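Here's the structure we're looking at; comments come further down.
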Amino acid sequence: MMKIWVDADACPVAVKDILFRVANRVKVDLTLVANQPMKTPPSKNIKAIQVSQGFDEADNRIVELAEQGDLVITGDIPLASDVIDKGAHALNPRGEWYTTENIKERLNMRDFMEVMRSSGVDTRGGPPPFGQKEKQAFANALDRFIAQNHQ
């Protein structure tokens with residue numbers, strides 16, 4: 001049975017709300033993993049795991065627990081790469097899929113930008129603010145995935 005894992009520390013509240021509704025509607029196990037306490041609605045399908053403070057602690061726990069066919073919600077490209085290697089699916093909070101076809105390119109771009117920043121190049125800007133368009137894109141991608149992969 002497929003499970004959904006959420007890299008919850010930086011996950012937008014709107015995305016968590018969508019996930020809570022989906023977990024209850026289709027009775028899929030949803031686990032938020034974070035290094036801070038997470039509030040979850042009362043539900044037998046929803047739980048939170050708090051890991052210790054530290055770099056990549058939540059990511060490491062998700063990689064440890066995710067299994068083939070599971071869905072991981074994350075904006076963290078190295079985490080997405082690790083779970084894809086395990087046969088899980090990775091979706092970012094903006095509704096974009098990480099796949100075996102695009103993950104290496106995204107890792108390379110991330111590493112390139114890291115090198116640019118460390119050499120003093122100003123790379124500020126980042127993605128546009130999370131809004132209704134991104135929320136809708138996430139909900140649509142999640143609904144399609146659930147319809148295709150959940151029995």
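We name chains A, B, ... following the order of the structure tokens; residues begin at 1 in each chain, and ligands are numbered from 1 as shown.
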Can you list every residue of range 45-117 of chain A that has an atom at most 8 Å from range 3-27 of chain A, with its nearest atom pair and the distance in Å to one decimal, using only C-alpha atoms, ordered by chain then number, as a tab-separated table?
```
residue	atom	partner	partner_atom	distance
A:Asn45	CA	A:Ala23	CA	6.3
A:Ile46	CA	A:Ala23	CA	7.0
A:Ala58	CA	A:Asp7	CA	6.8
A:Asp59	CA	A:Asp7	CA	6.8
A:Ile62	CA	A:Trp5	CA	6.8
A:Ala66	CA	A:Trp5	CA	7.2
A:Asp70	CA	A:Lys3	CA	5.0
A:Leu71	CA	A:Ile4	CA	4.8
A:Val72	CA	A:Trp5	CA	4.7
A:Ile73	CA	A:Val6	CA	4.8
A:Thr74	CA	A:Asp7	CA	5.2
A:Gly75	CA	A:Cys11	CA	7.9
A:Pro93	CA	A:Val15	CA	6.4
```
* What residues in chain A get the DSSP label helix (DSSP H, G or I)? Please answer as number ranges by chain. -> A: 13-26, 57-65, 77-85, 103-118, 132-149
* To do: Run DSSP on the backbone and grab whatever in range 4-148 of chain A lands in strand (DSSP E or B); send it over as a list in words.
  => Ile4, Trp5, Val6, Asp7, Asp29, Leu30, Thr31, Leu32, Val33, Ala34, Ile46, Lys47, Ala48, Ile49, Gln50, Leu71, Val72, Ile73, His89, Ala90, Leu91, Trp97 and Tyr98 of chain A
Show me, as a compact mmCIF listing (two decimals) with all heavy atoms, in the first residue's frame, the residues that have an atom within 10 Å of range 80-83 of chain A when counting only C-alpha atoms, minus same-chain residues fewer than 3 positions from it.
```txt
# COMPACT_ATOMS: atom_id res chain seq x y z
N ASP A 59 15.43 14.64 5.94
CA ASP A 59 15.66 14.01 4.64
C ASP A 59 16.15 12.57 4.82
O ASP A 59 15.66 11.65 4.15
CB ASP A 59 16.70 14.79 3.84
CG ASP A 59 16.27 16.20 3.52
OD1 ASP A 59 15.13 16.59 3.86
OD2 ASP A 59 17.08 16.93 2.92
N ASN A 60 17.10 12.37 5.72
CA ASN A 60 17.64 11.02 5.94
C ASN A 60 16.57 10.06 6.44
O ASN A 60 16.54 8.90 6.02
CB ASN A 60 18.81 11.08 6.93
CG ASN A 60 20.00 11.82 6.38
OD1 ASN A 60 20.15 11.99 5.17
ND2 ASN A 60 20.86 12.30 7.27
N ILE A 62 13.32 10.26 5.84
CA ILE A 62 12.42 9.98 4.72
C ILE A 62 13.05 8.94 3.79
O ILE A 62 12.39 7.98 3.38
CB ILE A 62 12.04 11.26 3.96
CG1 ILE A 62 11.16 12.14 4.86
CG2 ILE A 62 11.33 10.94 2.65
CD1 ILE A 62 10.91 13.55 4.33
N VAL A 63 14.33 9.10 3.47
CA VAL A 63 15.01 8.14 2.61
C VAL A 63 15.00 6.75 3.25
O VAL A 63 14.77 5.75 2.58
CB VAL A 63 16.46 8.59 2.29
CG1 VAL A 63 17.23 7.49 1.58
CG2 VAL A 63 16.44 9.86 1.45
N GLU A 64 15.20 6.72 4.55
CA GLU A 64 15.20 5.45 5.28
C GLU A 64 13.83 4.76 5.22
O GLU A 64 13.75 3.54 5.04
CB GLU A 64 15.59 5.73 6.74
CG GLU A 64 15.50 4.57 7.67
CD GLU A 64 15.71 5.01 9.12
OE1 GLU A 64 16.46 5.98 9.38
OE2 GLU A 64 15.09 4.39 10.01
N LEU A 65 12.75 5.53 5.35
CA LEU A 65 11.42 4.95 5.48
C LEU A 65 10.66 4.77 4.16
O LEU A 65 9.81 3.88 4.05
CB LEU A 65 10.57 5.82 6.41
CG LEU A 65 11.06 5.90 7.86
CD1 LEU A 65 10.26 6.94 8.63
CD2 LEU A 65 10.99 4.54 8.53
N ALA A 66 10.94 5.59 3.17
CA ALA A 66 10.20 5.52 1.90
C ALA A 66 10.53 4.21 1.18
O ALA A 66 11.66 3.73 1.20
CB ALA A 66 10.54 6.71 1.02
N GLU A 67 9.50 3.69 0.54
CA GLU A 67 9.65 2.44 -0.20
C GLU A 67 9.22 2.63 -1.65
O GLU A 67 8.59 3.64 -1.99
CB GLU A 67 8.78 1.36 0.45
CG GLU A 67 9.19 1.06 1.88
CD GLU A 67 8.29 0.02 2.54
OE1 GLU A 67 7.27 -0.38 1.93
OE2 GLU A 67 8.62 -0.38 3.67
N GLN A 68 9.54 1.65 -2.47
CA GLN A 68 9.16 1.70 -3.87
C GLN A 68 7.66 1.95 -4.00
O GLN A 68 6.86 1.31 -3.30
CB GLN A 68 9.55 0.40 -4.56
CG GLN A 68 9.26 0.42 -6.05
CD GLN A 68 9.84 -0.79 -6.75
OE1 GLN A 68 10.69 -1.49 -6.22
NE2 GLN A 68 9.37 -1.02 -7.95
N GLY A 69 7.30 2.90 -4.85
CA GLY A 69 5.89 3.22 -5.08
C GLY A 69 5.33 4.29 -4.18
O GLY A 69 4.25 4.82 -4.45
N ASP A 70 6.04 4.63 -3.10
CA ASP A 70 5.58 5.70 -2.21
C ASP A 70 5.72 7.05 -2.91
O ASP A 70 6.44 7.18 -3.90
CB ASP A 70 6.38 5.72 -0.91
CG ASP A 70 6.03 4.59 0.04
OD1 ASP A 70 5.07 3.84 -0.23
OD2 ASP A 70 6.72 4.46 1.08
N LEU A 71 5.06 8.05 -2.35
CA LEU A 71 5.13 9.41 -2.85
C LEU A 71 5.79 10.29 -1.80
O LEU A 71 5.40 10.26 -0.63
CB LEU A 71 3.73 9.95 -3.15
CG LEU A 71 3.62 11.42 -3.57
CD1 LEU A 71 4.43 11.70 -4.83
CD2 LEU A 71 2.16 11.80 -3.75
N VAL A 72 6.80 11.07 -2.21
CA VAL A 72 7.48 11.99 -1.32
C VAL A 72 7.23 13.41 -1.82
O VAL A 72 7.45 13.71 -3.00
CB VAL A 72 9.00 11.69 -1.26
CG1 VAL A 72 9.72 12.73 -0.42
CG2 VAL A 72 9.24 10.28 -0.71
N ILE A 73 6.77 14.27 -0.91
CA ILE A 73 6.55 15.68 -1.23
C ILE A 73 7.73 16.46 -0.68
O ILE A 73 7.97 16.48 0.53
CB ILE A 73 5.24 16.20 -0.57
CG1 ILE A 73 4.05 15.28 -0.88
CG2 ILE A 73 4.98 17.64 -0.99
CD1 ILE A 73 3.74 15.08 -2.33
N THR A 74 8.50 17.08 -1.59
CA THR A 74 9.68 17.83 -1.17
C THR A 74 10.10 18.83 -2.23
O THR A 74 9.89 18.61 -3.42
CB THR A 74 10.88 16.88 -0.88
OG1 THR A 74 11.96 17.65 -0.37
CG2 THR A 74 11.31 16.11 -2.12
N GLY A 75 10.71 19.89 -1.79
CA GLY A 75 11.35 20.84 -2.68
C GLY A 75 12.85 20.64 -2.69
O GLY A 75 13.58 21.36 -3.36
N ASP A 76 13.34 19.65 -1.96
CA ASP A 76 14.76 19.37 -1.80
C ASP A 76 15.22 18.42 -2.91
O ASP A 76 14.83 17.25 -2.92
CB ASP A 76 15.00 18.77 -0.42
CG ASP A 76 16.45 18.56 -0.11
OD1 ASP A 76 17.03 17.60 -0.66
OD2 ASP A 76 17.01 19.34 0.67
N ILE A 77 16.04 18.92 -3.81
CA ILE A 77 16.44 18.13 -4.97
C ILE A 77 17.29 16.91 -4.60
O ILE A 77 17.03 15.81 -5.11
CB ILE A 77 17.14 19.03 -6.02
CG1 ILE A 77 16.12 20.07 -6.53
CG2 ILE A 77 17.69 18.22 -7.18
CD1 ILE A 77 16.71 21.19 -7.34
N LYS A 86 15.33 4.91 -4.97
CA LYS A 86 14.69 3.80 -4.25
C LYS A 86 13.41 3.33 -4.94
O LYS A 86 12.76 2.39 -4.47
CB LYS A 86 14.34 4.22 -2.82
CG LYS A 86 15.53 4.34 -1.90
CD LYS A 86 15.10 4.57 -0.48
CE LYS A 86 14.57 3.28 0.13
NZ LYS A 86 14.31 3.41 1.58
N GLY A 87 13.00 4.01 -6.01
CA GLY A 87 11.78 3.62 -6.72
C GLY A 87 10.54 4.33 -6.23
O GLY A 87 9.41 3.96 -6.58
N ALA A 88 10.72 5.36 -5.40
CA ALA A 88 9.58 6.17 -4.96
C ALA A 88 9.37 7.31 -5.96
O ALA A 88 10.20 7.55 -6.84
CB ALA A 88 9.84 6.72 -3.56
N HIS A 89 8.27 8.02 -5.82
CA HIS A 89 7.93 9.16 -6.65
C HIS A 89 8.18 10.43 -5.85
O HIS A 89 8.01 10.44 -4.63
CB HIS A 89 6.46 9.12 -7.07
CG HIS A 89 6.09 7.82 -7.72
ND1 HIS A 89 6.27 7.59 -9.06
CD2 HIS A 89 5.56 6.69 -7.20
CE1 HIS A 89 5.86 6.36 -9.34
NE2 HIS A 89 5.42 5.80 -8.23
N ALA A 90 8.56 11.52 -6.53
CA ALA A 90 8.84 12.77 -5.84
C ALA A 90 8.14 13.92 -6.55
O ALA A 90 8.29 14.11 -7.76
CB ALA A 90 10.35 13.02 -5.79
N LEU A 91 7.38 14.68 -5.76
CA LEU A 91 6.60 15.82 -6.26
C LEU A 91 6.95 17.03 -5.41
O LEU A 91 6.97 16.94 -4.18
CB LEU A 91 5.11 15.50 -6.14
CG LEU A 91 4.10 16.58 -6.51
CD1 LEU A 91 4.20 16.95 -7.99
CD2 LEU A 91 2.68 16.12 -6.17
N ASN A 92 7.22 18.17 -6.06
CA ASN A 92 7.50 19.34 -5.24
C ASN A 92 6.20 20.09 -4.94
O ASN A 92 5.17 19.85 -5.58
CB ASN A 92 8.61 20.22 -5.85
CG ASN A 92 8.17 21.11 -6.98
OD1 ASN A 92 7.01 21.44 -7.16
ND2 ASN A 92 9.14 21.53 -7.77
N TRP A 97 6.96 17.40 -11.01
CA TRP A 97 7.49 16.07 -10.72
C TRP A 97 8.99 16.05 -10.91
O TRP A 97 9.52 16.59 -11.87
CB TRP A 97 6.85 15.03 -11.64
CG TRP A 97 5.44 14.77 -11.29
CD1 TRP A 97 4.35 15.28 -11.91
CD2 TRP A 97 4.96 13.98 -10.20
NE1 TRP A 97 3.21 14.84 -11.28
CE2 TRP A 97 3.56 14.05 -10.24
CE3 TRP A 97 5.58 13.23 -9.21
CZ2 TRP A 97 2.76 13.38 -9.31
CZ3 TRP A 97 4.78 12.57 -8.29
CH2 TRP A 97 3.40 12.65 -8.35
N TYR A 98 9.66 15.39 -9.99
CA TYR A 98 11.06 15.03 -10.18
C TYR A 98 11.03 13.61 -10.75
O TYR A 98 10.31 12.74 -10.23
CB TYR A 98 11.81 15.01 -8.85
CG TYR A 98 11.86 16.34 -8.14
CD1 TYR A 98 11.12 16.57 -6.99
CD2 TYR A 98 12.67 17.37 -8.62
CE1 TYR A 98 11.18 17.78 -6.33
CE2 TYR A 98 12.74 18.59 -7.96
CZ TYR A 98 11.99 18.79 -6.81
OH TYR A 98 12.06 19.99 -6.16
N THR A 99 11.78 13.38 -11.80
CA THR A 99 11.76 12.07 -12.46
C THR A 99 13.19 11.59 -12.71
O THR A 99 14.15 12.37 -12.61
CB THR A 99 11.04 12.16 -13.83
OG1 THR A 99 11.82 13.00 -14.70
CG2 THR A 99 9.63 12.72 -13.68
N THR A 100 13.31 10.33 -13.10
CA THR A 100 14.63 9.82 -13.45
C THR A 100 15.19 10.59 -14.64
O THR A 100 16.40 10.73 -14.78
CB THR A 100 14.58 8.32 -13.79
OG1 THR A 100 13.59 8.10 -14.80
CG2 THR A 100 14.24 7.48 -12.56
N ASN A 102 14.70 13.94 -15.26
CA ASN A 102 15.09 15.33 -15.00
C ASN A 102 15.91 15.55 -13.72
O ASN A 102 16.44 16.64 -13.53
CB ASN A 102 13.86 16.26 -15.01
CG ASN A 102 12.95 16.09 -13.81
OD1 ASN A 102 13.30 15.54 -12.78
ND2 ASN A 102 11.72 16.57 -13.96
N ILE A 103 16.03 14.55 -12.88
CA ILE A 103 16.63 14.80 -11.57
C ILE A 103 18.13 15.10 -11.66
O ILE A 103 18.64 15.95 -10.93
CB ILE A 103 16.34 13.65 -10.58
CG1 ILE A 103 16.65 14.10 -9.15
CG2 ILE A 103 17.10 12.38 -10.94
CD1 ILE A 103 15.77 15.20 -8.63
N LYS A 104 18.85 14.43 -12.53
CA LYS A 104 20.30 14.67 -12.63
C LYS A 104 20.57 16.10 -13.12
O LYS A 104 21.47 16.78 -12.62
CB LYS A 104 20.98 13.64 -13.54
CG LYS A 104 20.85 12.21 -13.05
CD LYS A 104 21.35 12.01 -11.63
CE LYS A 104 21.14 10.58 -11.18
NZ LYS A 104 20.95 10.42 -9.77
N ARG A 106 18.62 18.68 -12.67
CA ARG A 106 18.29 19.58 -11.57
C ARG A 106 19.38 19.58 -10.50
O ARG A 106 19.70 20.61 -9.93
CB ARG A 106 16.94 19.22 -10.98
CG ARG A 106 15.81 19.58 -11.93
CD ARG A 106 14.47 19.21 -11.33
NE ARG A 106 13.42 19.51 -12.28
CZ ARG A 106 12.34 20.22 -11.98
NH1 ARG A 106 12.17 20.70 -10.77
NH2 ARG A 106 11.43 20.43 -12.90
N LEU A 107 19.95 18.40 -10.23
CA LEU A 107 21.07 18.33 -9.28
C LEU A 107 22.27 19.11 -9.79
O LEU A 107 22.91 19.85 -9.03
CB LEU A 107 21.49 16.87 -9.05
CG LEU A 107 20.72 16.09 -8.00
CD1 LEU A 107 21.08 14.61 -8.08
CD2 LEU A 107 20.95 16.63 -6.61
```
* In Å, rounded to a single decimal, give me how far CA of Ala34 in chain A is from CA of Val51 in chain A. => 6.0 Å
* **Residues near Ala48 in chain A, cut-off 6 Å, only C-alpha atoms, skip fewer than 5 positions along chain, as an NGL selection string** => :A and (31-33)
Output the selection as a PDB file, in the first residue's frame - all heavy atoms for each residue.
```pdb
ATOM      1  N   THR A  31       2.617  10.875   6.340  1.00  0.00           N
ATOM      2  CA  THR A  31       3.518  11.156   7.451  1.00  0.00           C
ATOM      3  C   THR A  31       4.323  12.413   7.155  1.00  0.00           C
ATOM      4  O   THR A  31       4.991  12.491   6.124  1.00  0.00           O
ATOM      5  CB  THR A  31       4.486   9.985   7.701  1.00  0.00           C
ATOM      6  OG1 THR A  31       3.727   8.788   7.908  1.00  0.00           O
ATOM      7  CG2 THR A  31       5.368  10.253   8.909  1.00  0.00           C
ATOM      8  N   LEU A  32       4.224  13.383   8.067  1.00  0.00           N
ATOM      9  CA  LEU A  32       5.038  14.592   7.984  1.00  0.00           C
ATOM     10  C   LEU A  32       6.310  14.349   8.783  1.00  0.00           C
ATOM     11  O   LEU A  32       6.237  13.876   9.925  1.00  0.00           O
ATOM     12  CB  LEU A  32       4.296  15.785   8.570  1.00  0.00           C
ATOM     13  CG  LEU A  32       3.176  16.374   7.715  1.00  0.00           C
ATOM     14  CD1 LEU A  32       1.926  15.540   7.824  1.00  0.00           C
ATOM     15  CD2 LEU A  32       2.893  17.782   8.121  1.00  0.00           C
ATOM     16  N   VAL A  33       7.454  14.649   8.191  1.00  0.00           N
ATOM     17  CA  VAL A  33       8.733  14.462   8.862  1.00  0.00           C
ATOM     18  C   VAL A  33       9.402  15.833   8.956  1.00  0.00           C
ATOM     19  O   VAL A  33       9.562  16.523   7.950  1.00  0.00           O
ATOM     20  CB  VAL A  33       9.637  13.471   8.103  1.00  0.00           C
ATOM     21  CG1 VAL A  33      10.941  13.254   8.850  1.00  0.00           C
ATOM     22  CG2 VAL A  33       8.911  12.137   7.883  1.00  0.00           C
TER      23      VAL A  33
END
```
* Find the distance between CA of Gly131 in chain A and CA of Asp143 in chain A and write it in Å to one decimal. => 18.4 Å
Would you list the contacts of Ser52 in chain A as a short mmCIF file (atom, residue, chain, number, x, y, z; two decimals) with all heavy atoms, in the first residue's frame, taking every protein, DNA or RNA residue within 9 Å and counting only C-alpha atoms, but skipping same-chain residues closer than 2 positions in sequence?
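Now in result-v7.cif:
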```cif
data_model
loop_
_atom_site.label_atom_id
_atom_site.label_comp_id
_atom_site.auth_asym_id
_atom_site.auth_seq_id
_atom_site.Cartn_x
_atom_site.Cartn_y
_atom_site.Cartn_z
N ALA A 34 9.77 16.22 10.19
CA ALA A 34 10.34 17.55 10.41
C ALA A 34 11.22 17.53 11.65
O ALA A 34 11.11 16.62 12.47
CB ALA A 34 9.22 18.58 10.58
N ASN A 35 12.06 18.55 11.78
CA ASN A 35 12.87 18.62 12.99
C ASN A 35 12.28 19.61 13.99
O ASN A 35 12.97 20.08 14.88
CB ASN A 35 14.35 18.94 12.68
CG ASN A 35 14.52 20.21 11.90
OD1 ASN A 35 13.66 21.08 11.89
ND2 ASN A 35 15.65 20.31 11.22
N GLN A 36 11.01 19.87 13.86
CA GLN A 36 10.26 20.68 14.82
C GLN A 36 8.89 20.03 14.98
O GLN A 36 8.47 19.26 14.12
CB GLN A 36 10.12 22.11 14.31
CG GLN A 36 9.43 22.22 12.97
CD GLN A 36 9.51 23.63 12.41
OE1 GLN A 36 9.89 24.56 13.09
NE2 GLN A 36 9.15 23.77 11.16
N GLN A 50 8.97 13.69 14.47
CA GLN A 50 9.94 14.76 14.74
C GLN A 50 11.31 14.12 14.88
O GLN A 50 11.52 13.23 15.70
CB GLN A 50 9.58 15.52 16.01
CG GLN A 50 10.52 16.69 16.25
CD GLN A 50 10.14 17.50 17.48
OE1 GLN A 50 9.09 17.31 18.08
NE2 GLN A 50 11.03 18.41 17.86
N GLY A 54 19.36 19.18 13.04
CA GLY A 54 20.58 18.87 12.31
C GLY A 54 20.32 18.87 10.82
O GLY A 54 19.21 18.61 10.37
N GLU A 57 18.53 15.81 8.69
CA GLU A 57 17.97 14.74 9.54
C GLU A 57 16.61 14.27 9.01
O GLU A 57 16.35 13.07 8.94
CB GLU A 57 17.85 15.20 10.99
CG GLU A 57 19.17 15.37 11.70
CD GLU A 57 19.93 14.08 11.89
OE1 GLU A 57 19.31 13.02 12.13
OE2 GLU A 57 21.18 14.12 11.77
N ALA A 58 15.74 15.22 8.66
CA ALA A 58 14.42 14.84 8.14
C ALA A 58 14.57 14.12 6.80
O ALA A 58 13.91 13.11 6.55
CB ALA A 58 13.52 16.07 7.99
#
```
